[in-house]
Structure formats: C-alpha cells, structure tokens
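Pasting query.cif here (mmCIF, C-alpha atoms and all ligand atoms):
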data_protein
#
loop_
_atom_site.label_atom_id
_atom_site.label_comp_id
_atom_site.auth_asym_id
_atom_site.auth_seq_id
_atom_site.Cartn_x
_atom_site.Cartn_y
_atom_site.Cartn_z
CA MET D 7 -5.13 -4.46 -34.22
CA TYR D 8 -4.12 -2.34 -31.21
CA ASP D 9 -0.73 -0.77 -30.55
CA TYR D 10 -0.96 -1.79 -26.89
CA LEU D 11 -2.84 -4.40 -24.94
CA ILE D 12 -2.75 -3.30 -21.30
CA VAL D 13 -3.39 -6.08 -18.83
CA GLY D 14 -4.73 -4.63 -15.60
CA ALA D 15 -6.86 -1.50 -15.09
CA GLY D 16 -5.14 -0.44 -11.87
CA LEU D 17 -2.99 2.66 -11.47
CA PHE D 18 -0.05 1.46 -13.57
CA GLY D 19 -2.28 0.34 -16.43
CA ALA D 20 -4.50 3.42 -16.34
CA VAL D 21 -1.59 5.88 -16.29
CA PHE D 22 0.13 4.09 -19.14
CA ALA D 23 -3.11 3.84 -21.13
CA ARG D 24 -3.71 7.59 -20.81
CA GLU D 25 -0.15 8.48 -21.85
CA ALA D 26 -0.23 6.14 -24.83
CA THR D 27 -3.65 7.37 -25.97
CA ASP D 28 -2.60 11.01 -25.63
CA ARG D 29 0.35 10.23 -27.90
CA GLY D 30 -1.90 8.83 -30.59
CA LYS D 31 -1.65 5.12 -29.79
CA ASN D 32 -4.57 2.78 -30.04
CA VAL D 33 -4.93 0.85 -26.79
CA LEU D 34 -7.12 -1.84 -25.24
CA VAL D 35 -7.25 -2.24 -21.46
CA ILE D 36 -8.42 -5.52 -19.96
CA ASP D 37 -8.89 -6.61 -16.36
CA LYS D 38 -9.93 -9.96 -14.93
CA ARG D 39 -12.03 -8.30 -12.23
CA ASP D 40 -15.47 -6.93 -13.02
CA HIS D 41 -14.33 -3.37 -12.29
CA ILE D 42 -11.53 -0.92 -13.04
CA ALA D 43 -9.08 0.72 -10.60
CA GLY D 44 -7.30 -2.37 -9.26
CA ASN D 45 -6.71 -2.24 -5.54
CA VAL D 46 -7.47 1.48 -5.26
CA TYR D 47 -11.09 0.68 -6.22
CA THR D 48 -13.69 2.39 -4.06
CA ARG D 49 -17.37 1.48 -3.93
CA GLU D 50 -20.12 3.69 -2.57
CA VAL D 51 -22.06 2.30 0.42
CA GLU D 52 -24.52 4.50 2.34
CA GLY D 53 -23.05 7.51 0.53
CA ILE D 54 -19.54 6.60 1.77
CA ASN D 55 -16.64 5.68 -0.54
CA VAL D 56 -15.44 2.35 0.80
CA HIS D 57 -11.81 1.38 0.06
CA GLU D 58 -12.64 -2.22 -0.87
CA TYR D 59 -9.05 -3.45 -1.08
CA GLY D 60 -7.68 -1.57 1.89
CA ALA D 61 -7.05 2.04 2.80
CA HIS D 62 -5.24 4.12 0.20
CA ILE D 63 -3.98 7.55 1.19
CA PHE D 64 -2.30 9.40 -1.59
CA HIS D 65 0.96 11.11 -0.65
CA THR D 66 4.01 12.18 -2.61
CA ASN D 67 7.05 14.43 -2.65
CA ASN D 68 7.10 14.41 -6.42
CA LYS D 69 5.55 17.59 -7.84
CA LYS D 70 5.35 16.06 -11.32
CA VAL D 71 3.32 13.11 -10.00
CA TRP D 72 1.11 15.41 -7.91
CA ASP D 73 0.37 17.65 -10.90
CA HIS D 74 -0.29 14.61 -13.03
CA ILE D 75 -2.80 13.03 -10.66
CA ASN D 76 -4.55 16.36 -10.09
CA ARG D 77 -5.58 16.33 -13.74
CA PHE D 78 -7.98 13.49 -12.92
CA ALA D 79 -9.32 14.35 -9.47
CA GLU D 80 -9.55 17.11 -6.94
CA PHE D 81 -7.86 16.11 -3.69
CA ASN D 82 -9.10 17.00 -0.22
CA ARG D 83 -6.92 17.94 2.76
CA PHE D 84 -7.02 14.53 4.50
CA THR D 85 -3.87 13.90 6.53
CA ASN D 86 -3.24 10.40 7.77
CA SER D 87 -2.83 10.24 11.58
CA PRO D 88 -3.59 6.70 12.68
CA VAL D 89 -4.12 5.90 16.35
CA ALA D 90 -2.51 2.81 17.89
CA ASN D 91 -4.62 0.86 20.39
CA TYR D 92 -2.50 -1.38 22.62
CA LYS D 93 -4.85 -3.21 25.01
CA GLY D 94 -6.91 -0.08 25.47
CA GLU D 95 -3.98 2.35 25.73
CA LEU D 96 -4.16 4.81 22.85
CA TYR D 97 -0.99 6.17 21.24
CA SER D 98 -0.38 8.70 18.47
CA LEU D 99 1.32 7.59 15.26
CA PRO D 100 3.77 7.96 13.71
CA PHE D 101 6.14 7.87 16.67
CA ASN D 102 6.39 11.44 17.91
CA MET D 103 6.41 13.54 21.10
CA TYR D 104 2.76 12.64 21.85
CA THR D 105 3.69 8.95 21.66
CA PHE D 106 6.79 9.40 23.85
CA ASN D 107 4.86 11.42 26.41
CA ARG D 108 2.12 8.79 26.67
CA MET D 109 4.68 5.97 26.90
CA TRP D 110 7.15 7.47 29.38
CA GLY D 111 5.76 10.78 30.64
CA VAL D 112 8.67 12.64 29.02
CA ILE D 113 8.04 16.29 28.15
CA THR D 114 10.97 17.49 26.04
CA PRO D 115 12.66 16.11 22.90
CA ASP D 116 15.93 15.72 24.85
CA GLU D 117 14.21 13.57 27.49
CA ALA D 118 12.69 11.40 24.74
CA ARG D 119 16.05 10.99 22.99
CA GLU D 120 17.70 10.03 26.27
CA LYS D 121 15.08 7.38 26.98
CA ILE D 122 15.43 5.84 23.51
CA GLU D 123 19.23 5.94 23.64
CA GLU D 124 19.17 4.23 27.06
CA GLN D 125 16.95 1.39 25.70
CA ARG D 126 18.97 1.05 22.52
CA LYS D 127 22.22 0.73 24.50
CA ALA D 128 20.69 -1.82 26.88
CA ALA D 129 19.68 -3.94 23.85
CA GLY D 130 23.31 -3.78 22.61
CA ILE D 131 22.48 -2.93 18.99
CA THR D 132 25.08 -1.18 16.85
CA GLU D 133 24.38 -2.21 13.25
CA PRO D 134 20.68 -3.20 12.86
CA ARG D 135 20.42 -6.29 10.67
CA ASN D 136 16.66 -6.85 10.64
CA LEU D 137 13.33 -5.15 11.44
CA GLU D 138 13.49 -5.93 15.17
CA GLU D 139 16.95 -4.44 15.62
CA GLN D 140 16.12 -1.50 13.37
CA ALA D 141 12.95 -0.74 15.35
CA ILE D 142 14.66 -0.96 18.75
CA SER D 143 17.49 1.26 17.60
CA LEU D 144 15.02 3.85 16.29
CA VAL D 145 12.49 3.99 19.14
CA GLY D 146 13.64 1.69 21.97
CA THR D 147 12.26 -1.54 23.43
CA ASP D 148 9.02 -0.24 25.02
CA ILE D 149 7.65 1.14 21.75
CA TYR D 150 8.92 -1.92 19.91
CA GLU D 151 7.08 -4.23 22.32
CA LYS D 152 3.80 -2.29 22.49
CA LEU D 153 3.42 -0.69 19.09
CA ILE D 154 5.54 -2.62 16.60
CA ARG D 155 6.14 -6.29 17.39
CA GLY D 156 2.54 -7.55 17.56
CA TYR D 157 1.31 -5.47 14.64
CA THR D 158 4.23 -6.38 12.38
CA GLU D 159 4.10 -10.09 13.17
CA LYS D 160 0.35 -10.12 12.44
CA GLN D 161 0.78 -8.17 9.21
CA TRP D 162 3.70 -10.21 7.88
CA GLY D 163 3.19 -13.59 9.61
CA ARG D 164 6.92 -13.74 10.34
CA PRO D 165 9.04 -12.82 13.38
CA CYS D 166 10.43 -9.28 13.26
CA SER D 167 13.93 -10.72 13.45
CA GLU D 168 13.37 -12.33 10.02
CA LEU D 169 11.97 -9.26 8.26
CA PRO D 170 13.94 -6.67 6.30
CA ALA D 171 14.73 -3.44 8.16
CA PHE D 172 13.46 -1.20 5.34
CA ILE D 173 9.81 -1.95 6.16
CA ILE D 174 9.98 -0.04 9.43
CA LYS D 175 11.88 2.82 7.86
CA ARG D 176 8.65 3.68 6.05
CA LEU D 177 7.47 5.20 9.33
CA PRO D 178 8.81 8.58 10.43
CA VAL D 179 10.20 9.06 13.97
CA ARG D 180 9.80 12.65 15.05
CA TYR D 181 10.90 14.65 18.05
CA THR D 182 8.09 17.13 17.42
CA PHE D 183 4.33 17.16 18.08
CA ASP D 184 3.39 16.19 14.54
CA ASN D 185 0.91 13.35 13.96
CA ASN D 186 1.19 13.37 10.16
CA TYR D 187 1.99 9.76 9.25
CA PHE D 188 3.81 10.73 6.06
CA ASN D 189 6.80 12.94 5.34
CA ALA D 190 5.24 14.13 2.11
CA LEU D 191 4.81 17.57 0.63
CA TYR D 192 1.48 16.62 -0.94
CA GLN D 193 -1.26 14.44 0.55
CA GLY D 194 -4.99 13.88 0.23
CA ILE D 195 -7.86 11.70 -0.93
CA PRO D 196 -9.51 12.18 -4.33
CA MET D 197 -12.93 13.67 -3.65
CA GLY D 198 -15.62 11.33 -4.89
CA GLY D 199 -13.41 8.23 -4.66
CA TYR D 200 -10.52 6.58 -6.47
CA THR D 201 -12.78 4.74 -8.91
CA LYS D 202 -13.97 8.04 -10.36
CA MET D 203 -10.36 9.21 -10.63
CA VAL D 204 -9.30 6.11 -12.55
CA ALA D 205 -12.44 6.33 -14.74
CA ASN D 206 -11.33 9.86 -15.64
CA MET D 207 -7.88 8.55 -16.57
CA LEU D 208 -9.48 5.94 -18.81
CA ASP D 209 -11.94 8.39 -20.38
CA GLY D 210 -12.46 7.54 -24.05
CA ILE D 211 -10.31 4.39 -23.84
CA GLU D 212 -11.63 0.92 -24.64
CA VAL D 213 -11.81 -1.15 -21.45
CA ARG D 214 -13.02 -4.74 -21.12
CA THR D 215 -13.51 -6.05 -17.60
CA GLY D 216 -14.00 -9.70 -16.64
CA VAL D 217 -11.32 -10.77 -19.14
CA ASP D 218 -8.59 -13.05 -17.81
CA TYR D 219 -5.46 -12.57 -19.91
CA LEU D 220 -3.66 -15.71 -18.77
CA ASP D 221 -6.70 -17.85 -19.62
CA ASP D 222 -6.67 -16.69 -23.21
CA LYS D 223 -3.15 -15.41 -23.71
CA ASP D 224 -2.46 -16.35 -27.32
CA LYS D 225 -5.70 -14.92 -28.68
CA LEU D 226 -5.32 -11.70 -26.69
CA ASP D 227 -1.63 -11.32 -27.59
CA ALA D 228 -2.59 -11.51 -31.25
CA LEU D 229 -4.69 -8.34 -30.84
CA ALA D 230 -1.77 -5.99 -30.20
CA GLU D 231 1.78 -5.08 -31.20
CA ARG D 232 2.89 -4.86 -27.60
CA VAL D 233 1.64 -5.88 -24.17
CA ILE D 234 1.88 -4.09 -20.82
CA PHE D 235 1.40 -6.71 -18.11
CA THR D 236 0.62 -5.58 -14.56
CA GLY D 237 -0.38 -8.93 -13.05
CA PRO D 238 1.89 -11.16 -10.93
CA VAL D 239 5.14 -11.86 -12.77
CA ASP D 240 5.32 -15.43 -11.42
CA ALA D 241 1.77 -16.18 -12.60
CA TYR D 242 2.71 -14.94 -16.09
CA PHE D 243 5.38 -17.65 -16.27
CA GLY D 244 3.07 -20.32 -14.83
CA TYR D 245 5.07 -20.34 -11.56
CA GLU D 246 7.71 -22.36 -13.39
CA LEU D 247 10.53 -21.26 -11.05
CA GLY D 248 8.27 -21.56 -7.98
CA ALA D 249 5.72 -19.16 -6.49
CA LEU D 250 6.79 -15.78 -5.07
CA GLN D 251 5.36 -15.16 -1.61
CA TYR D 252 2.79 -12.46 -0.96
CA ARG D 253 0.74 -11.41 2.00
CA SER D 254 -2.97 -11.36 1.39
CA VAL D 255 -5.57 -9.34 3.27
CA ARG D 256 -9.19 -10.12 4.08
CA PHE D 257 -11.68 -7.47 5.10
CA GLU D 258 -14.76 -7.85 7.26
CA THR D 259 -16.86 -4.85 6.36
CA GLU D 260 -19.90 -3.74 8.36
CA VAL D 261 -22.42 -0.92 8.08
CA LEU D 262 -23.18 0.46 11.55
CA ASP D 263 -26.13 2.54 12.56
CA THR D 264 -24.04 5.23 14.24
CA PRO D 265 -22.43 8.34 12.75
CA ASN D 266 -19.09 7.83 14.50
CA TYR D 267 -17.67 4.47 15.55
CA GLN D 268 -14.02 5.14 16.38
CA GLY D 269 -13.43 8.86 15.72
CA ASN D 270 -10.62 8.30 13.21
CA ALA D 271 -10.06 6.82 9.75
CA ALA D 272 -7.52 4.26 11.00
CA VAL D 273 -7.01 2.59 14.36
CA ASN D 274 -4.19 0.01 14.55
CA PHE D 275 -4.50 -2.84 17.05
CA THR D 276 -0.88 -3.40 17.96
CA ASP D 277 -1.17 -6.27 20.45
CA SER D 278 -0.65 -9.88 19.33
CA GLU D 279 -4.01 -11.21 20.57
CA THR D 280 -6.48 -9.09 18.56
CA PRO D 281 -6.77 -11.12 15.34
CA TYR D 282 -7.06 -8.12 13.00
CA THR D 283 -4.37 -5.50 12.38
CA ARG D 284 -6.55 -2.41 12.02
CA ILE D 285 -10.05 -1.01 11.66
CA ILE D 286 -10.72 1.49 8.91
CA GLU D 287 -13.70 3.85 9.23
CA HIS D 288 -14.07 4.93 5.64
CA LYS D 289 -16.17 8.10 6.00
CA PHE D 290 -13.32 9.96 7.72
CA PHE D 291 -11.21 9.90 4.54
CA GLU D 292 -13.68 12.41 3.13
CA PHE D 293 -14.91 14.07 6.35
CA GLY D 294 -18.27 12.36 5.83
CA GLN D 295 -21.35 13.55 7.71
CA GLN D 296 -23.56 10.56 6.84
CA PRO D 297 -25.91 9.25 9.57
CA LYS D 298 -24.37 5.76 9.30
CA THR D 299 -20.81 4.54 9.12
CA VAL D 300 -18.91 1.73 7.36
CA ILE D 301 -15.99 0.00 9.05
CA SER D 302 -13.58 -2.70 7.82
CA ARG D 303 -11.57 -4.98 10.05
CA GLU D 304 -8.37 -6.03 8.28
CA TYR D 305 -6.99 -9.57 8.65
CA SER D 306 -3.64 -10.49 7.20
CA SER D 307 -2.77 -13.95 5.88
CA GLU D 308 -0.18 -15.82 3.83
CA TRP D 309 -1.16 -15.80 0.16
CA LYS D 310 -2.02 -19.09 -1.48
CA GLN D 311 -3.09 -19.71 -5.08
CA GLY D 312 -6.61 -18.38 -5.59
CA ASP D 313 -6.22 -15.52 -3.05
CA GLU D 314 -5.64 -11.89 -3.98
CA PRO D 315 -1.94 -11.02 -3.71
CA TYR D 316 -1.36 -7.72 -1.83
CA TYR D 317 2.07 -7.23 -0.32
CA PRO D 318 5.17 -8.71 -1.92
CA VAL D 319 7.38 -10.25 0.77
CA ASN D 320 10.66 -8.59 -0.17
CA ASP D 321 12.91 -10.77 1.99
CA GLU D 322 16.15 -12.33 0.73
CA LYS D 323 14.65 -15.59 -0.47
CA ASN D 324 11.87 -13.93 -2.48
CA SER D 325 14.12 -11.18 -3.81
CA ALA D 326 16.47 -13.83 -5.18
CA LEU D 327 13.58 -15.68 -6.84
CA TYR D 328 12.22 -12.44 -8.25
CA ALA D 329 15.65 -11.65 -9.75
CA GLN D 330 15.34 -14.88 -11.78
CA TYR D 331 11.81 -14.03 -12.93
CA ARG D 332 13.00 -10.56 -13.81
CA LYS D 333 15.61 -11.99 -16.17
CA LYS D 334 12.91 -14.01 -17.90
CA ALA D 335 10.65 -10.93 -18.04
CA GLU D 336 13.37 -8.88 -19.70
CA ALA D 337 13.79 -11.57 -22.33
CA GLU D 338 10.10 -11.33 -23.38
CA ASN D 339 10.44 -8.96 -26.29
CA LYS D 340 6.79 -8.08 -26.80
CA VAL D 341 5.85 -7.64 -23.13
CA VAL D 342 6.69 -4.99 -20.53
CA PHE D 343 6.06 -5.81 -16.83
CA GLY D 344 4.95 -3.02 -14.51
CA GLY D 345 3.41 -2.18 -11.15
CA ARG D 346 3.36 -3.78 -7.71
CA LEU D 347 2.70 -7.30 -9.00
CA GLY D 348 4.57 -7.05 -12.31
CA GLU D 349 7.72 -5.78 -10.57
CA TYR D 350 7.15 -7.56 -7.23
CA LYS D 351 7.68 -4.36 -5.31
CA TYR D 352 6.10 -2.81 -2.17
CA TYR D 353 5.09 0.30 -4.12
CA ASP D 354 3.15 3.29 -2.80
CA MET D 355 0.69 4.80 -5.27
CA ASP D 356 2.91 7.74 -6.19
CA LYS D 357 5.80 5.40 -6.99
CA VAL D 358 3.54 3.34 -9.25
CA ILE D 359 2.56 6.47 -11.15
CA GLU D 360 6.19 7.57 -11.37
CA SER D 361 7.16 4.19 -12.72
CA ALA D 362 4.27 4.11 -15.25
CA LEU D 363 5.20 7.59 -16.50
CA ALA D 364 8.84 6.51 -16.88
CA CYS D 365 7.72 3.37 -18.71
CA ALA D 366 5.63 5.52 -21.05
CA GLU D 367 8.65 7.75 -21.74
CA ARG D 368 10.76 4.73 -22.65
CA GLU D 369 8.08 3.00 -24.71
CA LEU D 370 6.58 5.94 -26.51
N1 LIG Y 1 3.97 -0.65 11.82
C1 LIG Y 1 3.94 -0.98 13.15
N2 LIG Y 1 2.92 -0.52 13.94
C2 LIG Y 1 1.93 0.26 13.45
C3 LIG Y 1 1.97 0.62 12.09
C4 LIG Y 1 3.00 0.13 11.28
O1 LIG Y 1 4.80 -1.70 13.63
O2 LIG Y 1 1.05 0.64 14.22
C5 LIG Y 1 5.07 -1.19 10.99
C6 LIG Y 1 4.75 -2.57 10.45
O3 LIG Y 1 5.97 -3.29 10.42
C7 LIG Y 1 4.31 -2.29 9.04
C8 LIG Y 1 5.22 -1.13 8.67
O4 LIG Y 1 5.32 -0.38 9.88
O5 LIG Y 1 4.51 -3.39 8.20
C9 LIG Y 1 4.73 -0.27 7.55
O6 LIG Y 1 3.46 0.24 7.86
P1 LIG Y 1 2.59 1.03 6.81
O7 LIG Y 1 1.54 1.71 7.57
O8 LIG Y 1 3.49 1.83 5.95
O9 LIG Y 1 1.98 -0.17 5.98
P2 LIG Y 1 0.81 -0.14 4.87
O10 LIG Y 1 -0.02 1.04 5.15
O11 LIG Y 1 1.52 -0.12 3.56
O12 LIG Y 1 0.09 -1.40 5.10
#
So that I can check it, write out the structure of this file as structure tokens.
Amino acid sequence: MYDYLIVGAGLFGAVFAREATDRGKNVLVIDKRDHIAGNVYTREVEGINVHEYGAHIFHTNNKKVWDHINRFAEFNRFTNSPVANYKGELYSLPFNMYTFNRMWGVITPDEAREKIEEQRKAAGITEPRNLEEQAISLVGTDIYEKLIRGYTEKQWGRPCSELPAFIIKRLPVRYTFDNNYFNALYQGIPMGGYTKMVANMLDGIEVRTGVDYLDDKDKLDALAERVIFTGPVDAYFGYELGALQYRSVRFETEVLDTPNYQGNAAVNFTDSETPYTRIIEHKFFEFGQQPKTVISREYSSEWKQGDEPYYPVNDEKNSALYAQYRKKAEAENKVVFGGRLGEYKYYDMDKVIESALACAEREL
C-alpha cells in the first residue's frame, strides 16, 4: 500500500513525488508513456538534447521556485531571443526598438510610440475585447499584420478576433533594445537536458512507465490512500460532459549535416502561408558545438481523441466547460488534480512547479 499514487511523471508529478518522499511518504509514480519527464522530455541525438515535445525555456520571477529547481540541475545562461521571419524579412522578438526600427525606420522610443499610437487611433480601439484588438492597441496594425496575425491563427486555428486577449499579453513590448523574450529575473536551460533533471527529482522513487491509469483505474486506485492525477481532467471523467478543446502539435525532426542551420534556437514563421509555426534548432539551447545539427519544424493542429493534448484553449466556451469539470474534480475525495492537463491551464513550467509545491503544502 502506498500513501500516494502519482499519475504522470511530468513536472507536476515529479515535484509532488519529491516533496512527499522527503516528508516520509511512500509514493508510486506511473506514466502511460515509456519515459519520464512529460512534455519537458529531452532525448539525445547526435550529442544534442532534443526537446521532443517542443521547446522549453525555463524562466521565473519566483526565487523560491528557482532555488527549488536548482537543486536538481545546473542551469546555463541561455536567454530566449527568437527571430521572426516574415516572407524573408527578419525581425527581432519580443517587440522592441530593433523590431520598430526594422518595421518603420524609427530611431527613438518617442518615434516608435508615436507610430504605434497613430495606428491604434486609426483602428479606433479603446477597450480591447479580444487578441486582435489587444495586439493592435499594443503594437499597431503593421506589426499585427506581419508578426502576429498569421502566426497566431496558425498556432490556435482560430481568428485573432475570437481569441482571448491574455495570450498576447504573454509577450513583452519594450521601448528599449532588449531582445530577451521573457521579463524574468531567472532564466536558463538545465545543462544535460530536462530528462536528467526530472530523473534527479525522482531519484530513489518507484516509477513505472508504460502504465495507463485510466485503463486500469480500479486496480491502481486500490494501491494507494490518495491519488494525484496530472492527466486531462475531461479524460478522467470519460468526457461525460463533452471534450475540452486542446491544440496539438506535431514535429518534423531532421538531422542535418551542417553545424549551423539557422543561427538561432527559434525562428518563427509569421506569415499565413508557411504551414509550420516555427523551426527549433536544438543545439543552440546549450551552445552546442557538434558537427551536425537537429531541427524541428512545428505544426499546430486541433486536438482530436488519440492525439497528444498540448495547449488548453482557454476561451469562454472551454472555460465554462472546465468550470463544470472542476466541480466534479473537487467532489472526488481521494483524488487531487494538478498540472496543465489536470487544471486545464496554459501553465509555464515555473507556474507548474509553484502549483505542485503549493499542493504539497496543502496535502502534506
Ligand atoms: N505570438 C505571435 N508571434 C510570434 C510569437 C508569438 O503573434 O512570433 C503570439 C501568439 O499569439 C502566441 C502568443 O504570442 O500564441 C504566445 O506566444 P508564446 O511564445 O508565449 O507561446 P508558447 O511559447 O507558449 O508556444
């Protein structure tokens, strides 16, 4: 008999498992995949740590989370500065003075502000009600058209006018020459890959991979006093209220016989015609000097049963459905739901850790 059965060996599960074990609890971690680390899983190819489920760049403002994660890995000084490619024109991200200069030839912050204000006024937006209006009011119509609209509609498969404004607020807008994509005090990539980091978290803990909880729920439930479930909350309830929507992502990964394909870890293709959203060149996350390189083209699609769910679609319709599932989840007295899929939330890694630590405080 275990104190806790933890379903999912991703970040939420691994953080909780470590906390519980360190407080003397007996835990079993299971995962339906054949590996640990969930979507932060990295696999070594040609000496390069490949982010198999999409690029993960750790960043946080929370010192407690940063100190916590540093117990399990040493972080390098990687700073995310993606480049946007719009039909061969290259722009710096996030939106900053380099972007404004390339777009309009403006030199000073005041000139950039004036240009944006002029475009915002012309669009007649006062209170932004959706992503399109929010984007135009933040950076004007030219940047919206060239760097936001195509990319966002590819990533989400919905018009920008039907998406929540908060998604675009993830991106900083700066009137300085600063290409750091994140406003975070701490940032980096765990040296040696995320899989090693999660393996360190799970050190000494019993883990069984290739075990599908929902296929064998009753037998597995009987093994433990309590269950921490980090899979999709709607799947847990057999989709009885209907399926929540997710975006899924497919990667086309290639090994190339060149040391440097695109000169940067991430290049976003922001036009509507290019079928993929971005190309990741994995070696640059760790300043790799390998003779070859590995790249992944990222294609976004609507999730259907059988696909991997990635991004929750936190629009009104899905938020309302999730609120109903959440009520049901709260009524399950033996089970706690956590993480991106368990809480149906567009979580960054640091927020997942924060939430797992808070869950451990409450539970333990
Ligand atoms: N975005 C954009 N153009 C870009 C990069 C991002 O319009 O070149 C918008 C897009 O709406 C996206 C959002 O910003 O959904 C958040 O991007 P982020 O890079 O935070 O997404 P993630 O890395 O989580 O996929």
With distances taken over all atoms listed in the file, which of D:Glu260, D:Glu292, D:Glu279, D:Glu159 is nearest to ligand LIG 1 (chain Y)?
->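 Between D:Glu260, D:Glu292, D:Glu279, D:Glu159, the residue approaching ligand LIG 1 (chain Y) most closely is D:Glu159.
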Contacts of region 49-55 of chain D within 7 Å, only C-alpha atoms, excl. fewer than 2 positions in-chain, as a list in words =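 Contacts, in chain order: Tyr47, His57, Glu58, Gly199, His288 and Lys289 of chain D.
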Test item: residues no farther than 9 Å from ligand LIG 1 (chain Y), counting all atoms listed in the file, as a JSON list (two decimals) with C-alpha atoms, keeping the file's coordinate frame:
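File produced: result-v4.json:
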[["chain", "number", "residue", "atom", "x", "y", "z"],
["D", 60, "GLY", "CA", -7.68, -1.57, 1.89],
["D", 61, "ALA", "CA", -7.05, 2.04, 2.80],
["D", 62, "HIS", "CA", -5.24, 4.12, 0.20],
["D", 63, "ILE", "CA", -3.98, 7.55, 1.19],
["D", 88, "PRO", "CA", -3.59, 6.70, 12.68],
["D", 89, "VAL", "CA", -4.12, 5.90, 16.35],
["D", 90, "ALA", "CA", -2.51, 2.81, 17.89],
["D", 91, "ASN", "CA", -4.62, 0.86, 20.39],
["D", 99, "LEU", "CA", 1.32, 7.59, 15.26],
["D", 100, "PRO", "CA", 3.77, 7.96, 13.71],
["D", 137, "LEU", "CA", 13.33, -5.15, 11.44],
["D", 141, "ALA", "CA", 12.95, -0.74, 15.35],
["D", 150, "TYR", "CA", 8.92, -1.92, 19.91],
["D", 152, "LYS", "CA", 3.80, -2.29, 22.49],
["D", 153, "LEU", "CA", 3.42, -0.69, 19.09],
["D", 154, "ILE", "CA", 5.54, -2.62, 16.60],
["D", 155, "ARG", "CA", 6.14, -6.29, 17.39],
["D", 156, "GLY", "CA", 2.54, -7.55, 17.56],
["D", 157, "TYR", "CA", 1.31, -5.47, 14.64],
["D", 158, "THR", "CA", 4.23, -6.38, 12.38],
["D", 159, "GLU", "CA", 4.10, -10.09, 13.17],
["D", 160, "LYS", "CA", 0.35, -10.12, 12.44],
["D", 161, "GLN", "CA", 0.78, -8.17, 9.21],
["D", 162, "TRP", "CA", 3.70, -10.21, 7.88],
["D", 166, "CYS", "CA", 10.43, -9.28, 13.26],
["D", 169, "LEU", "CA", 11.97, -9.26, 8.26],
["D", 172, "PHE", "CA", 13.46, -1.20, 5.34],
["D", 173, "ILE", "CA", 9.81, -1.95, 6.16],
["D", 174, "ILE", "CA", 9.98, -0.04, 9.43],
["D", 175, "LYS", "CA", 11.88, 2.82, 7.86],
["D", 176, "ARG", "CA", 8.65, 3.68, 6.05],
["D", 177, "LEU", "CA", 7.47, 5.20, 9.33],
["D", 187, "TYR", "CA", 1.99, 9.76, 9.25],
["D", 188, "PHE", "CA", 3.81, 10.73, 6.06],
["D", 273, "VAL", "CA", -7.01, 2.59, 14.36],
["D", 274, "ASN", "CA", -4.19, 0.01, 14.55],
["D", 275, "PHE", "CA", -4.50, -2.84, 17.05],
["D", 276, "THR", "CA", -0.88, -3.40, 17.96],
["D", 283, "THR", "CA", -4.37, -5.50, 12.38],
["D", 284, "ARG", "CA", -6.55, -2.41, 12.02],
["D", 317, "TYR", "CA", 2.07, -7.23, -0.32],
["D", 352, "TYR", "CA", 6.10, -2.81, -2.17],
["D", 353, "TYR", "CA", 5.09, 0.30, -4.12],
["D", 354, "ASP", "CA", 3.15, 3.29, -2.80]]
Using all atoms listed in the file, what residues lie at most 12 Å away from (12.3, -9.3, -9.0) (file coordinates), given as a ChimeraX atom specification?
-> /D:238-240,250-251,318-336,343-352
How many Å lie between CA of Gly194 (chain D) and CA of Met207 (chain D), rounded to one decimal?
->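 A separation of 17.9 Å between them.
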Proximity to Arg135 (chain D) - best of D:Ala171, D:Ile149, D:Ala272, D:Ala79, all atoms listed in the file |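 Selected residue with least distance to Arg135 (chain D): D:Ala171.
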In the coordinate frame of the file, compute which residues have an atom within 7 Å of (-1.9, -2.0, -24.9) when using all atoms listed in the file, and state them as a list of chain:residue names.
->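 Here is the list of nearby residues: D:Tyr8, D:Asp9, D:Tyr10, D:Leu11, D:Ile12, D:Val33, D:Leu34, D:Val35, D:Ala230, D:Arg232, D:Val233, D:Ile234.
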Between CA of Glu120 (chain D) and CA of Thr147 (chain D), distance in Å (one decimal) |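 Taking CA of Glu120 (chain D) as the start and CA of Thr147 (chain D) as the end point, the length is 13.1 Å.
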To one decimal place, how far is CA of Ile211 (chain D) from CA of Leu17 (chain D) in Å?
->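 Interatomic distance, CA of Ile211 (chain D) to CA of Leu17 (chain D): 14.5 Å.
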Can you tell me, as lines of an AutoDock Vina configuration file, the centre and edge lengths (Å, one decimal) of the axis-aligned box enclosing all of region 144-149 of chain D's listed atoms after padding each side by 8 Å?
center_x = 11.3
center_y = 1.2
center_z = 20.7
size_x = 23.4
size_y = 21.5
size_z = 24.7
Spatial neighbours of Ala43 (chain D), max dist 12 Å, all atoms listed in the file, sep filter under 6 positions, as JSON, numbers by chain | {"D": [14, 15, 16, 17, 18, 19, 20, 21, 35, 36, 37, 49, 57, 58, 59, 62, 199, 200, 201, 202, 203, 204, 205, 206, 207, 208, 213, 215, 355]}
Top pick for closest residue to Glu168 (chain D), considering D:Glu360, D:Asn136, D:Glu151, D:Asn185 and counting all atoms listed in the file |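 Once distances to Glu168 (chain D) are computed over all atoms listed in the file, the minimum belongs to D:Asn136.
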Near-Pro265 (chain D) list (10 Å; only C-alpha atoms; drop same-chain fewer than 4 positions) as a ChimeraX atom specification = /D:269,289,294-300
